[in-house]
$ cat run12.tsv   # TSV, C-alpha atoms
chain	number	residue	atom	x	y	z
A	1	MET	CA	37.15	-35.70	-0.48
A	2	THR	CA	35.95	-32.26	-1.58
A	3	ARG	CA	33.58	-33.77	-4.14
A	4	SER	CA	32.18	-36.07	-1.45
A	5	ILE	CA	31.57	-33.15	0.91
A	6	ASP	CA	29.96	-31.11	-1.86
A	7	ARG	CA	27.64	-34.00	-2.69
A	8	ARG	CA	26.62	-34.43	0.95
A	9	HIS	CA	25.91	-30.70	1.20
A	10	PHE	CA	23.87	-30.83	-2.02
A	11	LEU	CA	21.81	-33.78	-0.77
A	12	LYS	CA	21.28	-32.12	2.63
A	13	THR	CA	20.21	-28.85	1.01
A	14	SER	CA	17.91	-30.61	-1.45
A	15	ALA	CA	16.26	-32.57	1.37
A	16	ALA	CA	15.73	-29.39	3.40
A	17	ILE	CA	14.15	-27.56	0.46
A	18	ALA	CA	11.95	-30.58	-0.36
A	19	ALA	CA	10.76	-30.77	3.26
A	20	VAL	CA	9.88	-27.06	3.28
A	21	ALA	CA	8.07	-27.39	-0.07
A	22	GLY	CA	6.09	-30.38	1.22
A	23	ALA	CA	5.00	-28.50	4.33
A	24	ARG	CA	3.92	-25.53	2.21
A	25	GLU	CA	1.87	-27.71	-0.13
A	26	ALA	CA	0.08	-29.34	2.80
A	27	LEU	CA	-0.83	-25.95	4.27
A	28	ALA	CA	-1.75	-24.41	0.91
A	29	ALA	CA	-4.21	-27.23	0.23
A	30	GLU	CA	-6.31	-25.94	3.11
A	31	LYS	CA	-6.93	-22.44	1.69
A	32	PRO	CA	-5.78	-20.59	-1.45
A	33	GLN	CA	-3.00	-18.07	-0.90
A	34	GLU	CA	-3.46	-14.44	-1.88
A	35	PHE	CA	-0.94	-12.25	-3.65
A	36	TYR	CA	0.05	-8.79	-2.42
A	37	GLU	CA	1.39	-5.69	-4.07
A	38	LEU	CA	3.03	-3.23	-1.71
A	39	ARG	CA	3.46	0.18	-3.32
A	40	ALA	CA	5.44	3.08	-1.93
A	41	TYR	CA	4.46	6.31	-3.66
A	42	ARG	CA	7.35	8.76	-3.14
A	43	ALA	CA	5.81	12.23	-2.96
A	44	PRO	CA	8.27	15.17	-3.01
A	45	GLY	CA	6.50	17.27	-0.37
A	46	PRO	CA	3.36	17.69	1.77
A	47	GLY	CA	1.37	19.43	-0.96
A	48	LYS	CA	1.99	16.67	-3.48
A	49	LYS	CA	1.26	14.08	-0.82
A	50	LYS	CA	-2.17	15.65	-0.28
A	51	MET	CA	-2.83	15.54	-4.03
A	52	LEU	CA	-1.72	11.92	-4.17
A	53	GLU	CA	-4.01	10.95	-1.33
A	54	GLY	CA	-6.91	12.65	-3.11
A	55	TYR	CA	-6.25	10.44	-6.13
A	56	LEU	CA	-5.97	7.27	-4.06
A	57	GLU	CA	-9.10	7.94	-2.03
A	58	GLY	CA	-11.27	9.41	-4.77
A	59	ALA	CA	-10.20	7.46	-7.85
A	60	LEU	CA	-8.00	4.39	-7.38
A	61	LEU	CA	-9.60	2.69	-4.37
A	62	PRO	CA	-13.17	3.02	-5.72
A	63	ALA	CA	-12.00	1.60	-9.07
A	64	LEU	CA	-10.26	-1.32	-7.40
A	65	GLY	CA	-13.45	-1.92	-5.45
A	66	ARG	CA	-15.38	-2.17	-8.73
A	67	MET	CA	-12.86	-4.84	-9.73
A	68	GLY	CA	-13.79	-6.85	-6.65
A	69	LEU	CA	-10.65	-5.98	-4.69
A	70	ASP	CA	-11.01	-5.07	-1.04
A	71	ARG	CA	-9.07	-4.85	2.24
A	72	ILE	CA	-6.77	-2.28	0.66
A	73	GLY	CA	-4.53	-0.61	3.19
A	74	VAL	CA	-3.13	2.90	2.79
A	75	PHE	CA	-0.54	4.14	5.28
A	76	THR	CA	1.94	6.93	5.97
A	77	PRO	CA	5.26	6.74	7.88
A	78	MET	CA	5.14	7.68	11.56
A	79	ASP	CA	8.79	8.32	12.40
A	80	GLU	CA	10.17	10.30	9.46
A	81	PRO	CA	8.56	13.78	9.25
A	82	GLU	CA	10.45	14.55	6.04
A	83	ASP	CA	9.26	11.33	4.38
A	84	HIS	CA	6.09	12.16	2.44
A	85	SER	CA	5.62	8.64	1.08
A	86	VAL	CA	2.27	6.88	0.96
A	87	TYR	CA	2.19	3.09	1.20
A	88	ALA	CA	-0.58	1.06	-0.41
A	89	LEU	CA	-1.14	-2.64	0.24
A	90	ILE	CA	-3.32	-4.24	-2.45
A	91	PRO	CA	-4.39	-7.91	-2.12
A	92	TYR	CA	-5.17	-9.98	-5.22
A	93	PRO	CA	-6.99	-13.31	-5.04
A	94	THR	CA	-5.24	-14.54	-8.22
A	95	LEU	CA	-2.43	-13.55	-10.55
A	96	ASP	CA	-5.03	-12.83	-13.24
A	97	HIS	CA	-6.51	-10.07	-11.09
A	98	PHE	CA	-3.08	-8.46	-10.90
A	99	SER	CA	-2.19	-8.85	-14.59
A	100	ASN	CA	-5.55	-7.48	-15.75
A	101	MET	CA	-5.61	-4.46	-13.44
A	102	SER	CA	-4.06	-1.87	-15.80
A	103	SER	CA	-6.30	-2.73	-18.75
A	104	THR	CA	-9.37	-2.76	-16.51
A	105	LEU	CA	-8.53	0.69	-15.14
A	106	LEU	CA	-8.04	2.06	-18.66
A	107	ALA	CA	-11.51	0.83	-19.60
A	108	ASP	CA	-13.16	2.25	-16.47
A	109	GLY	CA	-14.73	5.57	-17.44
A	110	ALA	CA	-15.56	6.54	-13.86
A	111	PHE	CA	-11.93	6.01	-12.87
A	112	GLN	CA	-10.62	8.02	-15.82
A	113	ALA	CA	-12.91	10.91	-14.91
A	114	ALA	CA	-12.03	10.82	-11.21
A	115	ALA	CA	-8.30	10.58	-11.96
A	116	LYS	CA	-8.21	13.33	-14.61
A	117	GLY	CA	-6.57	15.92	-12.36
A	118	HIS	CA	-3.97	13.37	-11.28
A	119	PHE	CA	-3.10	12.44	-14.85
A	120	ASP	CA	-3.07	16.04	-16.12
A	121	VAL	CA	-0.14	17.21	-13.96
A	122	PRO	CA	2.78	18.61	-16.01
A	123	LYS	CA	5.95	16.58	-16.49
A	124	ASP	CA	8.08	19.09	-14.59
A	125	ASP	CA	5.76	19.13	-11.55
A	126	PRO	CA	4.85	15.49	-10.82
A	127	VAL	CA	2.71	14.33	-7.91
A	128	PHE	CA	5.24	11.60	-7.08
A	129	THR	CA	8.84	10.99	-8.06
A	130	ARG	CA	8.46	7.20	-8.41
A	131	ILE	CA	6.34	4.26	-7.32
A	132	GLN	CA	8.41	1.52	-5.73
A	133	SER	CA	6.53	-1.75	-5.93
A	134	ARG	CA	7.10	-5.18	-4.39
A	135	PHE	CA	5.06	-8.30	-5.12
A	136	TYR	CA	4.45	-11.15	-2.69
A	137	LYS	CA	2.74	-14.49	-2.31
A	138	ALA	CA	0.97	-15.01	1.01
A	139	PHE	CA	2.37	-17.61	3.37
A	140	ALA	CA	0.57	-20.94	3.49
A	141	GLY	CA	0.35	-20.50	7.26
A	142	MET	CA	-1.56	-17.22	6.84
A	143	PRO	CA	-3.01	-17.31	3.31
A	144	VAL	CA	-5.22	-14.23	3.59
A	145	ILE	CA	-5.14	-10.87	5.39
A	146	GLU	CA	-6.31	-10.93	9.01
A	147	MET	CA	-7.97	-7.63	9.85
A	148	PRO	CA	-6.98	-5.82	13.06
A	149	ALA	CA	-9.60	-5.75	15.79
A	150	GLN	CA	-9.56	-1.93	15.79
A	151	THR	CA	-10.32	-1.54	12.07
A	152	ALA	CA	-14.04	-2.32	12.15
A	153	GLY	CA	-14.73	0.48	14.63
A	154	LYS	CA	-12.21	2.87	13.01
A	155	GLU	CA	-10.38	2.94	16.32
A	156	ALA	CA	-6.84	4.26	16.73
A	157	ARG	CA	-4.23	1.78	15.55
A	158	ILE	CA	-0.64	1.57	14.39
A	159	PHE	CA	1.21	-0.86	12.17
A	160	GLU	CA	4.74	-2.20	11.99
A	161	LEU	CA	6.01	-3.32	8.59
A	162	ARG	CA	8.96	-5.69	8.93
A	163	ILE	CA	11.22	-6.86	6.09
A	164	TYR	CA	13.50	-9.86	6.69
A	165	GLU	CA	16.26	-10.30	4.13
A	166	SER	CA	18.22	-13.56	3.81
A	167	HIS	CA	21.62	-14.21	2.32
A	168	THR	CA	20.54	-17.29	0.31
A	169	GLU	CA	17.29	-18.57	-1.18
A	170	GLU	CA	17.49	-21.67	1.03
A	171	LYS	CA	17.72	-19.60	4.21
A	172	ALA	CA	14.78	-17.47	3.08
A	173	ALA	CA	12.69	-20.60	2.51
A	174	LEU	CA	13.60	-21.92	5.94
A	175	LYS	CA	12.56	-18.66	7.61
A	176	VAL	CA	9.19	-18.87	5.85
A	177	ASP	CA	8.92	-22.45	7.14
A	178	MET	CA	9.68	-21.24	10.67
A	179	PHE	CA	6.78	-18.81	10.51
A	180	ASN	CA	4.43	-21.37	8.97
A	181	THR	CA	5.16	-24.06	11.55
A	182	GLY	CA	4.77	-22.05	14.72
A	183	GLU	CA	6.06	-18.48	14.78
A	184	ILE	CA	2.88	-16.98	13.29
A	185	GLN	CA	0.78	-18.73	15.91
A	186	VAL	CA	3.00	-17.43	18.70
A	187	MET	CA	2.44	-13.93	17.33
A	188	ARG	CA	-1.31	-14.49	17.41
A	189	ASP	CA	-1.11	-15.90	20.94
A	190	THR	CA	0.81	-12.85	22.19
A	191	ASN	CA	-1.55	-10.33	20.54
A	192	LEU	CA	1.01	-9.00	18.05
A	193	GLY	CA	-1.89	-8.75	15.59
A	194	PRO	CA	-0.35	-10.12	12.38
A	195	VAL	CA	-2.05	-8.64	9.30
A	196	PHE	CA	-0.24	-10.36	6.43
A	197	PHE	CA	2.87	-12.38	5.64
A	198	GLY	CA	4.33	-12.36	2.14
A	199	GLU	CA	7.22	-14.12	0.42
A	200	ALA	CA	8.80	-11.65	-2.01
A	201	LEU	CA	8.48	-12.75	-5.63
A	202	ILE	CA	9.65	-9.46	-7.16
A	203	GLY	CA	11.54	-6.61	-5.54
A	204	ASP	CA	14.91	-4.94	-5.30
A	205	ASP	CA	16.04	-6.72	-2.11
A	206	VAL	CA	15.20	-10.40	-2.63
A	207	PRO	CA	15.34	-12.93	-1.16
A	208	ASN	CA	13.14	-11.53	1.58
A	209	LEU	CA	9.86	-11.94	3.37
A	210	THR	CA	7.70	-9.07	4.59
A	211	TYR	CA	4.99	-8.99	7.20
A	212	MET	CA	2.82	-6.49	9.06
A	213	LEU	CA	1.76	-6.33	12.70
A	214	SER	CA	-0.90	-4.16	14.33
A	215	ALA	CA	-1.77	-2.73	17.73
A	216	ALA	CA	-3.83	0.00	19.35
A	217	ASN	CA	-0.70	2.07	20.07
A	218	ARG	CA	3.07	1.90	20.48
A	219	GLU	CA	2.94	1.01	24.17
A	220	ALA	CA	0.63	-1.95	23.60
A	221	HIS	CA	2.74	-3.09	20.67
A	222	GLN	CA	5.90	-3.10	22.81
A	223	ALA	CA	4.11	-5.12	25.50
A	224	HIS	CA	3.06	-7.65	22.88
A	225	TRP	CA	6.66	-7.95	21.65
A	226	ASP	CA	7.82	-8.51	25.24
A	227	ALA	CA	5.29	-11.32	25.62
A	228	PHE	CA	6.43	-12.84	22.33
A	229	ARG	CA	10.09	-12.87	23.39
A	230	ASP	CA	9.15	-14.60	26.66
A	231	HIS	CA	6.92	-17.22	25.02
A	232	PRO	CA	8.25	-20.77	25.59
A	233	GLU	CA	7.46	-21.92	22.05
A	234	TRP	CA	9.42	-19.03	20.53
A	235	ASN	CA	12.35	-19.76	22.84
A	236	ARG	CA	12.24	-23.40	21.75
A	237	MET	CA	12.07	-22.60	18.03
A	238	LYS	CA	14.72	-19.88	17.90
A	239	VAL	CA	17.54	-22.24	18.93
A	240	LEU	CA	16.70	-25.05	16.50
A	241	PRO	CA	19.80	-25.63	14.32
A	242	LYS	CA	17.76	-25.81	11.09
A	243	TYR	CA	16.72	-22.15	11.53
A	244	ALA	CA	20.16	-20.76	12.27
A	245	ASP	CA	21.27	-17.69	10.28
A	246	THR	CA	18.03	-17.44	8.29
A	247	VAL	CA	17.86	-13.63	8.55
A	248	SER	CA	20.70	-11.33	7.51
A	249	LYS	CA	18.94	-7.94	7.80
A	250	ILE	CA	15.74	-6.62	9.39
A	251	THR	CA	14.03	-3.37	8.37
A	252	SER	CA	11.20	-2.01	10.54
A	253	ILE	CA	8.85	0.79	9.45
A	254	PHE	CA	6.06	2.12	11.66
A	255	LEU	CA	2.97	3.22	9.74
A	256	ALA	CA	-0.25	5.05	10.52
A	257	PRO	CA	-3.42	4.27	8.53
A	258	THR	CA	-5.04	7.03	6.52
A	259	ALA	CA	-8.66	7.91	7.26
A	260	TYR	CA	-9.79	5.98	4.17
A	261	SER	CA	-7.59	2.90	4.67
A	262	GLN	CA	-9.61	-0.31	4.63
A	263	ILE	CA	-7.19	-2.01	7.03
$ encode --input "run12.tsv" --output "structure tokens"
Amino acid sequence: MTRSIDRRHFLKTSAAIAAVAGAREALAAEKPQEFYELRAYRAPGPGKKKMLEGYLEGALLPALGRMGLDRIGVFTPMDEPEDHSVYALIPYPTLDHFSNMSSTLLADGAFQAAAKGHFDVPKDDPVFTRIQSRFYKAFAGMPVIEMPAQTAGKEARIFELRIYESHTEEKAALKVDMFNTGEIQVMRDTNLGPVFFGEALIGDDVPNLTYMLSAANREAHQAHWDAFRDHPEWNRMKVLPKYADTVSKITSIFLAPTAYSQI
């Protein structure tokens, strides 16, 4: 009896994963999916944070631009005054762009000159303690970054970074499917301003997905969330049995863009 139950569970799980994979392939055929690197530079204090931002603005972002990379977001935490981290979101059109980045930077004389002060800091007085990096593949339902309406005019804006962890790979895949088949569109319809959605390929808390929302301010963002929670399509989707227990932990981080952020 146990073997029979195990086999039925295996077949059910395999069918669910195959259905999710098929839906992804159909969506991905419409537009190539980007890859994202999300870096968190951990600066030890405000002075080092200022130095780090000088390097990012004056050396790294211009060099990435010469590589053909754009829409690079740079952000700082809003709610933790003692957190001097700087977050950088870097989109890559292909894996080759990501794998070739380090060698391209080493060969870029303008970058090496602009970054000299950053690289010359002594070992016992570093600009940052570590860089924590996560790598994602964009969702088929939102294969490229969607820029906030406020960005073009450099208007005030805030961002919410949300990380959804799952307790199994299958549940993580089903949550991605839920976004692809309706939840992203509900977020668009309720003005939550989605910027990107990424399935984590590498990181210290996989399986997870990560996404970013945008708004003019906190009050507007809360109103958009209220509209989302009242939306009939969301209320239909959230009780579907196939999507039960897909998220085991949610982390929310509010971020402000730097003056030189491209998002």
$ closest_residue --input "run12.tsv" --among "A:Tyr41, A:Asp189, A:Leu64, A:Ser166" --to "A:Arg229" --atoms "only C-alpha atoms"
A:Asp189
$ residues_around --input "run12.tsv" --residues "A:Glu53" --least-positions-apart "3" --cutoff "12 Å" --atoms "all atoms listed in the file" --output "PDB file with C-alpha atoms, in the frame of the given file"
ATOM      1  CA  TYR A  41       4.460   6.310  -3.660  1.00  0.00           C
ATOM      2  CA  ARG A  42       7.350   8.760  -3.140  1.00  0.00           C
ATOM      3  CA  ALA A  43       5.810  12.230  -2.960  1.00  0.00           C
ATOM      4  CA  PRO A  46       3.360  17.690   1.770  1.00  0.00           C
ATOM      5  CA  GLY A  47       1.370  19.430  -0.960  1.00  0.00           C
ATOM      6  CA  LYS A  48       1.990  16.670  -3.480  1.00  0.00           C
ATOM      7  CA  LYS A  49       1.260  14.080  -0.820  1.00  0.00           C
ATOM      8  CA  LYS A  50      -2.170  15.650  -0.280  1.00  0.00           C
ATOM      9  CA  LEU A  56      -5.970   7.270  -4.060  1.00  0.00           C
ATOM     10  CA  GLU A  57      -9.100   7.940  -2.030  1.00  0.00           C
ATOM     11  CA  GLY A  58     -11.270   9.410  -4.770  1.00  0.00           C
ATOM     12  CA  ALA A  59     -10.200   7.460  -7.850  1.00  0.00           C
ATOM     13  CA  LEU A  60      -8.000   4.390  -7.380  1.00  0.00           C
ATOM     14  CA  LEU A  61      -9.600   2.690  -4.370  1.00  0.00           C
ATOM     15  CA  VAL A  74      -3.130   2.900   2.790  1.00  0.00           C
ATOM     16  CA  PHE A  75      -0.540   4.140   5.280  1.00  0.00           C
ATOM     17  CA  THR A  76       1.940   6.930   5.970  1.00  0.00           C
ATOM     18  CA  HIS A  84       6.090  12.160   2.440  1.00  0.00           C
ATOM     19  CA  SER A  85       5.620   8.640   1.080  1.00  0.00           C
ATOM     20  CA  VAL A  86       2.270   6.880   0.960  1.00  0.00           C
ATOM     21  CA  TYR A  87       2.190   3.090   1.200  1.00  0.00           C
ATOM     22  CA  ALA A  88      -0.580   1.060  -0.410  1.00  0.00           C
ATOM     23  CA  ALA A 115      -8.300  10.580 -11.960  1.00  0.00           C
ATOM     24  CA  HIS A 118      -3.970  13.370 -11.280  1.00  0.00           C
ATOM     25  CA  VAL A 127       2.710  14.330  -7.910  1.00  0.00           C
ATOM     26  CA  PHE A 128       5.240  11.600  -7.080  1.00  0.00           C
ATOM     27  CA  PRO A 257      -3.420   4.270   8.530  1.00  0.00           C
ATOM     28  CA  THR A 258      -5.040   7.030   6.520  1.00  0.00           C
ATOM     29  CA  ALA A 259      -8.660   7.910   7.260  1.00  0.00           C
ATOM     30  CA  TYR A 260      -9.790   5.980   4.170  1.00  0.00           C
ATOM     31  CA  SER A 261      -7.590   2.900   4.670  1.00  0.00           C
TER      32      SER A 261
END
$ closest_residue --input "run12.tsv" --among "A:His231, A:Tyr36, A:Val144, A:Gln150" --to "A:Gln185" --atoms "all atoms listed in the file"
A:His231
$ atom_distance --input "run12.tsv" --atom1 "atom CA of A:Asp120" --atom2 "atom CA of A:Ile90"
24.5 Å
$ closest_residue --input "run12.tsv" --among "A:Arg66, A:Lys242, A:Lys137, A:Lys116" --to "A:Glu37" --atoms "only C-alpha atoms"
A:Lys137
$ closest_residue --input "run12.tsv" --among "A:Met178, A:Met51, A:Ala220, A:Ile253" --to "A:Phe119" --atoms "all atoms listed in the file"
A:Met51
